[in-house]
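A short write-up of the structure that comes next.
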Amino acid sequence: MDARLANIIRSIQFNSPLRRYFFPKYAYYFNPPQLGFLCACIEETRNVPGSIAEVGCFMGATTVYLNKYMDARGIEKPYRSVDTFNGFVADDIKYEVDNRGKTKDLFTGFRGIKKSWYDTIMQDNGITRVTSTQADVNKFDLRTLGPLSFVLFDVDLYRPMKKGLPELYEVLSPGGIMVLDDCDATSIQWDGADQAYKEFMQERGLEVEIVHGKLGVIRKKGL
Ligand SMILES: C[S@@+](CC[C@H](N)C(=O)[O-])C[C@H]1O[C@@H](n2cnc3c(N)ncnc32)[C@H](O)[C@@H]1O
């Protein structure tokens, strides 16, 4: 395309109501220090045996970021991701409403995507180590993902976090690290993740470690 035509197209895009889709926009659910921390965990666990898992991956923004980090640092291990690819499930929302004083309109996000879109986004980014699974965490045995060296657990609500935590911890390799998003007791929407995390740590006699405002950390002792 010649430069003049490219400039005309760019100018049309910039002046259109769809501008935000054509020009840079921060695409992550984590701020830069939080993303840096996730990368540091992958680095720290690079020699720990097992795969990396992201449970709750949505459209893959963080998946792409972390895989590009792995590429840049020469870290080669399978990356497993799990999501409904259709947002929150009805029983998880019902639990928040019936038991945690929430209103269901808080939980309408993350719908309307497809697993095939996520897989294509990986291909478009030249990423081949990611295998995705479409599943409801409540019905899927997360232990089948193991062994795991690093886990990002990010499904937001109390019920699936509570169910998934012991399963993921069981298959976390010694020396492995698990990070749970949304461990923020002040969040009206996502404080269920914080509750599930704190209950788990108390039950296991582990020390609560929340960094960068909302990342709950679980470190499995090495051998
Ligand atoms: C905050 S988003 C994940 C964001 C992603 N980690 C990122 O950084 O781009 C939460 C995801 O959890 C998924 N999710 C919620 N409940 C789930 C469940 N019961 N089973 C599987 N996935 C679930 C939603 O579909 C949504 O995509």
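Naming works like this for the structure tokens: A, B, ... for the chains as they're shown, residue 1 at the start of each chain, ligands 1 onward in shown order.
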
(request) DSSP on the backbone, then: every residue of region 25-213 of chain A marked helix (DSSP H, G or I), written as a ChimeraX atom specification. (result) /A:32-44,61-73,90-100,104-107,115-124,142-145,158-171,191-204

(request) Write out as a list in words all residues of region 4-135 of chain A that DSSP puts in strand (DSSP E) for this structure's backbone. (result) Ser51, Ile52, Ala53, Glu54, Val55, Tyr79, Arg80, Ser81, Val82, Asp83, Val130, Thr131, Ser132, Thr133 and Gln134 of chain A

With N, CA and C atoms retained, export the selected residues as a PDB file, in the first residue's frame.
ATOM      1  N   SER A  51       3.978 -27.909  33.914  1.00  0.00           N
ATOM      2  CA  SER A  51       3.467 -26.919  32.960  1.00  0.00           C
ATOM      3  C   SER A  51       3.078 -25.651  33.690  1.00  0.00           C
ATOM      4  N   ILE A  52       2.739 -24.657  32.886  1.00  0.00           N
ATOM      5  CA  ILE A  52       2.138 -23.420  33.406  1.00  0.00           C
ATOM      6  C   ILE A  52       0.639 -23.513  33.106  1.00  0.00           C
ATOM      7  N   ALA A  53      -0.190 -23.045  34.044  1.00  0.00           N
ATOM      8  CA  ALA A  53      -1.642 -23.043  33.796  1.00  0.00           C
ATOM      9  C   ALA A  53      -2.215 -21.666  34.080  1.00  0.00           C
ATOM     10  N   GLU A  54      -3.139 -21.265  33.222  1.00  0.00           N
ATOM     11  CA  GLU A  54      -3.923 -20.048  33.463  1.00  0.00           C
ATOM     12  C   GLU A  54      -5.393 -20.482  33.474  1.00  0.00           C
ATOM     13  N   VAL A  55      -5.970 -20.487  34.651  1.00  0.00           N
ATOM     14  CA  VAL A  55      -7.358 -20.932  34.781  1.00  0.00           C
ATOM     15  C   VAL A  55      -8.217 -19.682  34.897  1.00  0.00           C
ATOM     16  N   TYR A  79       1.804 -24.677  28.230  1.00  0.00           N
ATOM     17  CA  TYR A  79       0.976 -23.658  28.884  1.00  0.00           C
ATOM     18  C   TYR A  79      -0.469 -24.100  28.682  1.00  0.00           C
ATOM     19  N   ARG A  80      -1.149 -24.409  29.764  1.00  0.00           N
ATOM     20  CA  ARG A  80      -2.525 -24.914  29.684  1.00  0.00           C
ATOM     21  C   ARG A  80      -3.495 -23.826  30.127  1.00  0.00           C
ATOM     22  N   SER A  81      -4.536 -23.616  29.376  1.00  0.00           N
ATOM     23  CA  SER A  81      -5.501 -22.604  29.814  1.00  0.00           C
ATOM     24  C   SER A  81      -6.916 -23.184  29.808  1.00  0.00           C
ATOM     25  N   VAL A  82      -7.712 -22.661  30.724  1.00  0.00           N
ATOM     26  CA  VAL A  82      -9.081 -23.167  30.921  1.00  0.00           C
ATOM     27  C   VAL A  82     -10.013 -21.972  31.067  1.00  0.00           C
ATOM     28  N   ASP A  83     -11.174 -22.079  30.446  1.00  0.00           N
ATOM     29  CA  ASP A  83     -12.208 -21.043  30.620  1.00  0.00           C
ATOM     30  C   ASP A  83     -13.535 -21.623  30.118  1.00  0.00           C
ATOM     31  N   VAL A 130       0.459 -23.216  23.773  1.00  0.00           N
ATOM     32  CA  VAL A 130      -0.774 -23.097  24.571  1.00  0.00           C
ATOM     33  C   VAL A 130      -1.811 -24.124  24.124  1.00  0.00           C
ATOM     34  N   THR A 131      -2.349 -24.865  25.080  1.00  0.00           N
ATOM     35  CA  THR A 131      -3.485 -25.753  24.816  1.00  0.00           C
ATOM     36  C   THR A 131      -4.653 -25.272  25.655  1.00  0.00           C
ATOM     37  N   SER A 132      -5.782 -25.002  25.011  1.00  0.00           N
ATOM     38  CA  SER A 132      -6.925 -24.486  25.770  1.00  0.00           C
ATOM     39  C   SER A 132      -7.985 -25.557  25.964  1.00  0.00           C
ATOM     40  N   THR A 133      -8.690 -25.450  27.071  1.00  0.00           N
ATOM     41  CA  THR A 133      -9.799 -26.367  27.382  1.00  0.00           C
ATOM     42  C   THR A 133     -11.017 -25.536  27.739  1.00  0.00           C
ATOM     43  N   GLN A 134     -12.140 -25.857  27.111  1.00  0.00           N
ATOM     44  CA  GLN A 134     -13.391 -25.169  27.452  1.00  0.00           C
ATOM     45  C   GLN A 134     -14.086 -25.981  28.530  1.00  0.00           C
TER      46      GLN A 134
END

(request) Around ligand 1, at most 7 Å away and counting only C-alpha atoms and all ligand atoms, which residues are there? Put them as a PyMOL selection string, please. (result) chain A and resi 28-30+54-63+82-89+92+110-111+135-138+154-157+160

(request) Find, counting only C-alpha atoms, the residue in A:Ala193, A:Val48, A:Ile113, A:Met70 that gets nearest to Ser149 (chain A). (result) A:Val48
